[in-house]
Amino acid sequence: MLKDIDQGLPQSLERLFELLRIPSISADPDYAHECRHAANWLKEYLETFNFTTQICETEGHPIILAQELSATDAPHILFYGHYDVQPVDPLELWHTPPFEPAIIKDASGCDVIHGRGSSDDKGQILTFLEACRAIYNQTGQLPVRVTVILEGEEESGGEHLPGFLEVQKNSLHPDMAFICDTDMATPDVPAITAMVRGLVGEEVTIYAANRDLHSGLYGNAARNPIQVLSEMITALRDGQGRVTVPEFYEGVPHIPEEIKSKWQEIGKTDEALLSPIGLKEAAGEKAFKAVEQTWCRPSCEINGISGGYEGAGFKTVIPAKASAKISFRLVGQQDPLKIRKNFREFVKSFIPQDCRVEFESHGASRAGMVSLNGPVLGTVCDALRDEWHCETAIVGSGGAIPVVNDLQRVFGIESFLVGFANVDDCIHSPNEKYNLRSFHKGIRSWVRILYALQTVKL
């Protein structure tokens, strides 16, 4: 079968190029018909290898739901991807037209697929679907039960996906999810993103006097809300960089040393992460390296401060109010609602009698993390190792990926993020590309993964 994939690579590329030519830009209403064009193309494509497929309407762009469930006694996997793409501006920076895909040589001499959506996410989607196609064409049946959900609004907020999943809650019963929208550890080392962070966003406003005051007339005597705010912010971390909100670290998991040491082996050193942005020293918890601080440790960051006179020149004023936007990135089993409650109590403990505080929420979501000792992770790691001839890296993501949280909340399943992109693929930028090798070996990798999952005991 792998030999058939190798021989059929030109035809796989033709199908990918056909999809890439559709300018399915979800954020621009002028391209709504192209988003539907892409959805219709994918429906027809999936039906050629036995998927039962429907286009599900939303108030925005349609969602594709496709299933091939003939392997009745095998695990049921849900595959998620998105067919919409980012706008192409600025157009003049593209080396070739963004919706006229081509294979070109990059600076290192590697063959790359050039065009908008090649990496994010059409090329990645088709690694999985072309693997399913190859298996079906040879055997007439997939080794596991497969449900495919392809969204058309990921690049414009994904507003309608959560509601769609809720509607499907009682009819779909997947055992696990796979998402192909992430990077390799290096161009030669495959990776599974097993940890994505959650988020709590809070805006704090402290009020004092009933108006701004002249600092000469009221200085010392009147409470300054900027100072109150600053003292609270300063107290958010101790001398070791640890967050001081009560019970903040409850639910933070232990990551095995063998996983963390692999991060250093693949070049995720403090210098590699910080020197490109002009920094040298990891600023968070002193006991952890920079990559650990961003992948597997929770964080507290001050995202903005406002108060007093902020115009040109100088004005001697004591402001009536001061505010800050503060975010917490969460890991493991940290409870975002408990952290919000404890943070607010922490802030209140700094508020003097003459002041009051108001809070505004800016979202709360849990982290996503797969079982590091579970049967699925090890099985997928072995399948990737067999294709790439090196050990798979288990990595984290410093950001939040909403669909992971949605799938956990609705279906109670873990999401395994297996992608074949590279960090230099210029996603969301001009000259987006996807390595031809990533596309080719990505198809082969999914064949290995699907057959390996056939025997997993859940």
# chains A, B, ... in the order shown; residues from 1 in each chain; ligands from 1
>>> select_by_dssp(residues="segment 206-356 of chain A", states="alpha helix (DSSP H)", output="PDB file with N, CA and C atoms, in the first residue's frame")
ATOM      1  N   SER A 215      -1.921  66.771  41.669  1.00  0.00           N
ATOM      2  CA  SER A 215      -1.015  66.067  42.579  1.00  0.00           C
ATOM      3  C   SER A 215      -0.336  66.989  43.584  1.00  0.00           C
ATOM      4  N   GLY A 216      -0.323  68.308  43.294  1.00  0.00           N
ATOM      5  CA  GLY A 216       0.220  69.237  44.277  1.00  0.00           C
ATOM      6  C   GLY A 216      -0.740  69.478  45.423  1.00  0.00           C
ATOM      7  N   LEU A 217      -2.034  69.515  45.125  1.00  0.00           N
ATOM      8  CA  LEU A 217      -3.030  69.786  46.155  1.00  0.00           C
ATOM      9  C   LEU A 217      -3.398  68.542  46.957  1.00  0.00           C
ATOM     10  N   TYR A 218      -3.317  67.358  46.313  1.00  0.00           N
ATOM     11  CA  TYR A 218      -3.790  66.148  46.980  1.00  0.00           C
ATOM     12  C   TYR A 218      -2.720  65.065  47.126  1.00  0.00           C
ATOM     13  N   PRO A 225      -4.766  55.101  42.630  1.00  0.00           N
ATOM     14  CA  PRO A 225      -5.114  53.745  42.181  1.00  0.00           C
ATOM     15  C   PRO A 225      -4.029  53.082  41.330  1.00  0.00           C
ATOM     16  N   ILE A 226      -3.195  53.883  40.671  1.00  0.00           N
ATOM     17  CA  ILE A 226      -2.090  53.266  39.920  1.00  0.00           C
ATOM     18  C   ILE A 226      -1.135  52.580  40.874  1.00  0.00           C
ATOM     19  N   GLN A 227      -0.855  53.210  42.009  1.00  0.00           N
ATOM     20  CA  GLN A 227       0.040  52.593  42.983  1.00  0.00           C
ATOM     21  C   GLN A 227      -0.577  51.331  43.564  1.00  0.00           C
ATOM     22  N   VAL A 228      -1.878  51.390  43.889  1.00  0.00           N
ATOM     23  CA  VAL A 228      -2.557  50.207  44.416  1.00  0.00           C
ATOM     24  C   VAL A 228      -2.481  49.063  43.401  1.00  0.00           C
ATOM     25  N   LEU A 229      -2.757  49.393  42.151  1.00  0.00           N
ATOM     26  CA  LEU A 229      -2.698  48.384  41.092  1.00  0.00           C
ATOM     27  C   LEU A 229      -1.290  47.824  40.946  1.00  0.00           C
ATOM     28  N   SER A 230      -0.298  48.700  40.999  1.00  0.00           N
ATOM     29  CA  SER A 230       1.097  48.274  40.831  1.00  0.00           C
ATOM     30  C   SER A 230       1.532  47.351  41.961  1.00  0.00           C
ATOM     31  N   GLU A 231       1.116  47.649  43.171  1.00  0.00           N
ATOM     32  CA  GLU A 231       1.485  46.793  44.298  1.00  0.00           C
ATOM     33  C   GLU A 231       0.864  45.408  44.154  1.00  0.00           C
ATOM     34  N   MET A 232      -0.371  45.355  43.672  1.00  0.00           N
ATOM     35  CA  MET A 232      -1.003  44.066  43.456  1.00  0.00           C
ATOM     36  C   MET A 232      -0.276  43.284  42.372  1.00  0.00           C
ATOM     37  N   ILE A 233       0.036  43.937  41.255  1.00  0.00           N
ATOM     38  CA  ILE A 233       0.720  43.270  40.155  1.00  0.00           C
ATOM     39  C   ILE A 233       2.085  42.754  40.594  1.00  0.00           C
ATOM     40  N   THR A 234       2.818  43.571  41.334  1.00  0.00           N
ATOM     41  CA  THR A 234       4.138  43.156  41.816  1.00  0.00           C
ATOM     42  C   THR A 234       4.044  41.904  42.672  1.00  0.00           C
ATOM     43  N   GLU A 257      10.939  13.386  32.814  1.00  0.00           N
ATOM     44  CA  GLU A 257      12.204  13.971  32.381  1.00  0.00           C
ATOM     45  C   GLU A 257      12.592  13.532  30.977  1.00  0.00           C
ATOM     46  N   GLU A 258      12.229  12.301  30.594  1.00  0.00           N
ATOM     47  CA  GLU A 258      12.616  11.833  29.259  1.00  0.00           C
ATOM     48  C   GLU A 258      11.908  12.631  28.165  1.00  0.00           C
ATOM     49  N   ILE A 259      10.695  13.120  28.451  1.00  0.00           N
ATOM     50  CA  ILE A 259      10.004  13.960  27.485  1.00  0.00           C
ATOM     51  C   ILE A 259      10.641  15.335  27.423  1.00  0.00           C
ATOM     52  N   LYS A 260      10.950  15.922  28.575  1.00  0.00           N
ATOM     53  CA  LYS A 260      11.554  17.251  28.601  1.00  0.00           C
ATOM     54  C   LYS A 260      12.966  17.252  28.016  1.00  0.00           C
ATOM     55  N   SER A 261      13.714  16.186  28.225  1.00  0.00           N
ATOM     56  CA  SER A 261      15.072  16.128  27.662  1.00  0.00           C
ATOM     57  C   SER A 261      15.031  16.074  26.147  1.00  0.00           C
ATOM     58  N   LYS A 262      13.981  15.468  25.584  1.00  0.00           N
ATOM     59  CA  LYS A 262      13.833  15.419  24.123  1.00  0.00           C
ATOM     60  C   LYS A 262      13.685  16.823  23.558  1.00  0.00           C
ATOM     61  N   TRP A 263      13.053  17.723  24.305  1.00  0.00           N
ATOM     62  CA  TRP A 263      12.881  19.096  23.833  1.00  0.00           C
ATOM     63  C   TRP A 263      14.225  19.779  23.642  1.00  0.00           C
ATOM     64  N   GLN A 264      15.155  19.500  24.533  1.00  0.00           N
ATOM     65  CA  GLN A 264      16.486  20.084  24.374  1.00  0.00           C
ATOM     66  C   GLN A 264      17.212  19.464  23.182  1.00  0.00           C
ATOM     67  N   GLU A 265      16.996  18.159  22.969  1.00  0.00           N
ATOM     68  CA  GLU A 265      17.645  17.470  21.847  1.00  0.00           C
ATOM     69  C   GLU A 265      17.199  18.030  20.500  1.00  0.00           C
ATOM     70  N   ASP A 270      16.927  27.560  25.736  1.00  0.00           N
ATOM     71  CA  ASP A 270      16.606  28.943  26.077  1.00  0.00           C
ATOM     72  C   ASP A 270      17.136  29.901  25.017  1.00  0.00           C
ATOM     73  N   GLU A 271      18.365  29.664  24.575  1.00  0.00           N
ATOM     74  CA  GLU A 271      18.971  30.552  23.579  1.00  0.00           C
ATOM     75  C   GLU A 271      18.206  30.504  22.261  1.00  0.00           C
ATOM     76  N   ALA A 272      17.826  29.297  21.831  1.00  0.00           N
ATOM     77  CA  ALA A 272      17.117  29.177  20.556  1.00  0.00           C
ATOM     78  C   ALA A 272      15.765  29.876  20.587  1.00  0.00           C
ATOM     79  N   LEU A 273      15.097  29.837  21.732  1.00  0.00           N
ATOM     80  CA  LEU A 273      13.772  30.440  21.825  1.00  0.00           C
ATOM     81  C   LEU A 273      13.831  31.947  22.036  1.00  0.00           C
ATOM     82  N   LEU A 274      14.821  32.409  22.803  1.00  0.00           N
ATOM     83  CA  LEU A 274      14.814  33.801  23.228  1.00  0.00           C
ATOM     84  C   LEU A 274      15.699  34.727  22.403  1.00  0.00           C
ATOM     85  N   ALA A 290      12.966  27.688  29.427  1.00  0.00           N
ATOM     86  CA  ALA A 290      12.012  28.513  28.694  1.00  0.00           C
ATOM     87  C   ALA A 290      10.951  27.669  27.998  1.00  0.00           C
ATOM     88  N   VAL A 291      11.342  26.571  27.361  1.00  0.00           N
ATOM     89  CA  VAL A 291      10.366  25.751  26.638  1.00  0.00           C
ATOM     90  C   VAL A 291       9.374  25.110  27.608  1.00  0.00           C
ATOM     91  N   GLU A 292       9.838  24.739  28.806  1.00  0.00           N
ATOM     92  CA  GLU A 292       8.928  24.198  29.805  1.00  0.00           C
ATOM     93  C   GLU A 292       7.955  25.270  30.274  1.00  0.00           C
ATOM     94  N   GLN A 293       8.446  26.494  30.428  1.00  0.00           N
ATOM     95  CA  GLN A 293       7.597  27.590  30.871  1.00  0.00           C
ATOM     96  C   GLN A 293       6.485  27.894  29.872  1.00  0.00           C
ATOM     97  N   THR A 294       6.727  27.624  28.597  1.00  0.00           N
ATOM     98  CA  THR A 294       5.712  27.925  27.574  1.00  0.00           C
ATOM     99  C   THR A 294       4.875  26.722  27.180  1.00  0.00           C
ATOM    100  N   TRP A 295       5.369  25.510  27.377  1.00  0.00           N
ATOM    101  CA  TRP A 295       4.653  24.318  26.939  1.00  0.00           C
ATOM    102  C   TRP A 295       3.907  23.601  28.058  1.00  0.00           C
ATOM    103  N   PRO A 336     -10.252  26.730  35.491  1.00  0.00           N
ATOM    104  CA  PRO A 336     -10.248  28.163  35.182  1.00  0.00           C
ATOM    105  C   PRO A 336     -11.203  28.966  36.062  1.00  0.00           C
ATOM    106  N   LEU A 337     -12.350  28.389  36.442  1.00  0.00           N
ATOM    107  CA  LEU A 337     -13.296  29.130  37.256  1.00  0.00           C
ATOM    108  C   LEU A 337     -12.777  29.304  38.686  1.00  0.00           C
ATOM    109  N   LYS A 338     -12.096  28.296  39.196  1.00  0.00           N
ATOM    110  CA  LYS A 338     -11.506  28.416  40.526  1.00  0.00           C
ATOM    111  C   LYS A 338     -10.370  29.428  40.524  1.00  0.00           C
ATOM    112  N   ILE A 339      -9.568  29.427  39.473  1.00  0.00           N
ATOM    113  CA  ILE A 339      -8.479  30.391  39.374  1.00  0.00           C
ATOM    114  C   ILE A 339      -9.030  31.810  39.283  1.00  0.00           C
ATOM    115  N   ARG A 340     -10.096  32.005  38.512  1.00  0.00           N
ATOM    116  CA  ARG A 340     -10.718  33.329  38.432  1.00  0.00           C
ATOM    117  C   ARG A 340     -11.191  33.785  39.814  1.00  0.00           C
ATOM    118  N   LYS A 341     -11.882  32.901  40.533  1.00  0.00           N
ATOM    119  CA  LYS A 341     -12.383  33.246  41.863  1.00  0.00           C
ATOM    120  C   LYS A 341     -11.230  33.602  42.800  1.00  0.00           C
ATOM    121  N   ASN A 342     -10.193  32.758  42.821  1.00  0.00           N
ATOM    122  CA  ASN A 342      -9.075  32.999  43.737  1.00  0.00           C
ATOM    123  C   ASN A 342      -8.292  34.248  43.368  1.00  0.00           C
ATOM    124  N   PHE A 343      -8.183  34.520  42.062  1.00  0.00           N
ATOM    125  CA  PHE A 343      -7.501  35.736  41.634  1.00  0.00           C
ATOM    126  C   PHE A 343      -8.262  36.971  42.100  1.00  0.00           C
ATOM    127  N   ARG A 344      -9.559  36.962  41.964  1.00  0.00           N
ATOM    128  CA  ARG A 344     -10.350  38.119  42.380  1.00  0.00           C
ATOM    129  C   ARG A 344     -10.249  38.350  43.884  1.00  0.00           C
ATOM    130  N   GLU A 345     -10.245  37.263  44.662  1.00  0.00           N
ATOM    131  CA  GLU A 345     -10.061  37.415  46.102  1.00  0.00           C
ATOM    132  C   GLU A 345      -8.664  37.948  46.422  1.00  0.00           C
ATOM    133  N   PHE A 346      -7.679  37.505  45.661  1.00  0.00           N
ATOM    134  CA  PHE A 346      -6.308  37.995  45.826  1.00  0.00           C
ATOM    135  C   PHE A 346      -6.258  39.502  45.583  1.00  0.00           C
ATOM    136  N   VAL A 347      -6.884  39.960  44.507  1.00  0.00           N
ATOM    137  CA  VAL A 347      -6.895  41.389  44.197  1.00  0.00           C
ATOM    138  C   VAL A 347      -7.596  42.174  45.297  1.00  0.00           C
ATOM    139  N   LYS A 348      -8.725  41.681  45.749  1.00  0.00           N
ATOM    140  CA  LYS A 348      -9.498  42.397  46.780  1.00  0.00           C
ATOM    141  C   LYS A 348      -8.693  42.601  48.056  1.00  0.00           C
TER     142      LYS A 348
END
>>> residues_around(residues="Gln353 of chain A", least_positions_apart="3", cutoff="12 Å", atoms="only C-alpha atoms", output="PyMOL selection string")
chain A and resi 206-209+222-223+225+228+348-350+356-357
>>> write_last_selection(atoms="C-alpha atoms", output="compact mmCIF listing (two decimals), in the first residue's frame")
# COMPACT_ATOMS: atom_id res chain seq x y z
CA ILE A 206 -9.48 50.12 40.66
CA TYR A 207 -11.33 53.33 41.54
CA ALA A 208 -10.34 55.90 44.19
CA ALA A 209 -11.36 59.60 44.18
CA ALA A 222 -5.27 60.99 48.27
CA ARG A 223 -5.03 57.32 47.39
CA PRO A 225 -5.11 53.74 42.18
CA VAL A 228 -2.56 50.21 44.42
CA LYS A 348 -9.50 42.40 46.78
CA SER A 349 -6.97 41.80 49.55
CA PHE A 350 -4.95 44.76 48.17
CA ARG A 356 -13.22 49.84 45.10
CA VAL A 357 -12.53 47.31 42.37
>>> residues_around(residues="segment 141-145 of chain A", least_positions_apart="6", cutoff="8 Å", atoms="only C-alpha atoms", output="ChimeraX atom specification")
/A:67-72,74-77,132,135,450-451,453-454
>>> write_last_selection(atoms="C-alpha atoms", output="PDB file, in the first residue's frame")
ATOM      1  CA  GLN A  67     -18.330   8.978   7.991  1.00  0.00           C
ATOM      2  CA  GLU A  68     -16.951   5.571   7.035  1.00  0.00           C
ATOM      3  CA  LEU A  69     -17.987   3.194   9.825  1.00  0.00           C
ATOM      4  CA  SER A  70     -17.793  -0.237   8.253  1.00  0.00           C
ATOM      5  CA  ALA A  71     -15.068  -1.508  10.653  1.00  0.00           C
ATOM      6  CA  THR A  72     -17.705  -2.190  13.302  1.00  0.00           C
ATOM      7  CA  ALA A  74     -12.613  -1.167  15.680  1.00  0.00           C
ATOM      8  CA  PRO A  75     -12.023   2.098  17.528  1.00  0.00           C
ATOM      9  CA  HIS A  76     -13.902   5.164  16.279  1.00  0.00           C
ATOM     10  CA  ILE A  77     -11.712   8.183  15.502  1.00  0.00           C
ATOM     11  CA  CYS A 132      -7.984   6.902   3.636  1.00  0.00           C
ATOM     12  CA  ILE A 135      -6.525   2.197   1.957  1.00  0.00           C
ATOM     13  CA  LEU A 450      -4.771   4.024  11.050  1.00  0.00           C
ATOM     14  CA  TYR A 451      -3.619   0.415  10.911  1.00  0.00           C
ATOM     15  CA  LEU A 453      -5.015   2.057  15.912  1.00  0.00           C
ATOM     16  CA  GLN A 454      -6.940  -0.987  14.699  1.00  0.00           C
TER      17      GLN A 454
END
>>> closest_residue(among="A:Val146, A:Ile22, A:Leu91, A:Ile449", to="Leu46 of chain A", atoms="only C-alpha atoms")
A:Val146
>>> closest_residue(among="A:Gly363, A:Gly307, A:Gly284, A:Gly251", to="Val331 of chain A", atoms="only C-alpha atoms")
A:Gly251
>>> residues_around(residues="Lys286 of chain A", least_positions_apart="6", cutoff="10 Å", atoms="only C-alpha atoms", output="ChimeraX atom specification")
/A:239-242,293
>>> write_last_selection(atoms="C-alpha atoms", output="short mmCIF file (atom, residue, chain, number, x, y, z; two decimals), in the first residue's frame")
data_model
loop_
_atom_site.label_atom_id
_atom_site.label_comp_id
_atom_site.auth_asym_id
_atom_site.auth_seq_id
_atom_site.Cartn_x
_atom_site.Cartn_y
_atom_site.Cartn_z
CA GLY A 239 11.20 35.85 43.99
CA GLN A 240 11.34 32.45 42.25
CA GLY A 241 8.92 33.49 39.53
CA ARG A 242 6.02 31.45 40.93
CA GLN A 293 7.60 27.59 30.87
#
>>> residues_around(residues="Asn431 of chain A", least_positions_apart="3", cutoff="8 Å", atoms="only C-alpha atoms", output="JSON, numbers by chain")
{"A": [93, 94, 95, 96, 98, 114, 115, 116, 426]}
>>> write_last_selection(atoms="N, CA and C atoms", output="short mmCIF file (atom, residue, chain, number, x, y, z; two decimals), in the first residue's frame")
data_model
loop_
_atom_site.label_atom_id
_atom_site.label_comp_id
_atom_site.auth_asym_id
_atom_site.auth_seq_id
_atom_site.Cartn_x
_atom_site.Cartn_y
_atom_site.Cartn_z
N LEU A 93 3.67 40.80 -2.27
CA LEU A 93 4.82 40.10 -1.68
C LEU A 93 4.88 38.63 -2.08
N TRP A 94 3.84 38.14 -2.76
CA TRP A 94 3.85 36.73 -3.18
C TRP A 94 4.78 36.56 -4.39
N HIS A 95 5.55 35.47 -4.36
CA HIS A 95 6.45 35.16 -5.49
C HIS A 95 5.69 34.58 -6.67
N THR A 96 4.62 33.83 -6.39
CA THR A 96 3.73 33.32 -7.43
C THR A 96 2.31 33.57 -6.95
N PRO A 98 -1.15 33.40 -5.26
CA PRO A 98 -1.47 32.55 -4.10
C PRO A 98 -2.43 31.42 -4.38
N HIS A 114 3.71 25.54 -3.11
CA HIS A 114 3.57 26.96 -2.85
C HIS A 114 2.13 27.39 -3.12
N GLY A 115 1.51 28.05 -2.15
CA GLY A 115 0.15 28.55 -2.36
C GLY A 115 -0.60 28.68 -1.06
N ARG A 116 -1.58 29.57 -1.04
CA ARG A 116 -2.38 29.77 0.17
C ARG A 116 -3.17 28.51 0.50
N CYS A 426 5.28 29.82 6.66
CA CYS A 426 4.68 31.14 6.34
C CYS A 426 3.15 31.09 6.34
#
>>> closest_residue(among="A:Asn224, A:Thr205, A:Ser429, A:Gln168", to="Lys325 of chain A", atoms="only C-alpha atoms")
A:Thr205
>>> atom_distance(atom1="atom CA of Ile113 of chain A", atom2="atom CA of Pro101 of chain A")
6.8 Å
>>> select_by_dssp(residues="segment 201-260 of chain A", states="strand (DSSP E or B)", output="ChimeraX atom specification")
/A:201-207,213-214,237,243
>>> residues_around(residues="Ser26 of chain A", least_positions_apart="2", cutoff="8 Å", atoms="only C-alpha atoms", output="list in words")
Ser24, Asp28, Pro29, Tyr31, Ala32, Cys35, His61, Asp84, Val85, Gln86, Gly152, Glu153, Glu155 and Ser156 of chain A
>>> atom_distance(atom1="atom CA of Thr53 of chain A", atom2="atom CA of Gln138 of chain A")
20.8 Å
>>> atom_distance(atom1="atom CA of Gly313 of chain A", atom2="atom CA of Ile326 of chain A")
27.7 Å
>>> closest_residue(among="A:Thr269, A:Asn40, A:Ser299, A:Thr193", to="Val404 of chain A", atoms="only C-alpha atoms")
A:Thr193
>>> closest_residue(among="A:Asp30, A:Ile302, A:Leu19, A:Ala400", to="Glu44 of chain A", atoms="only C-alpha atoms")
A:Leu19
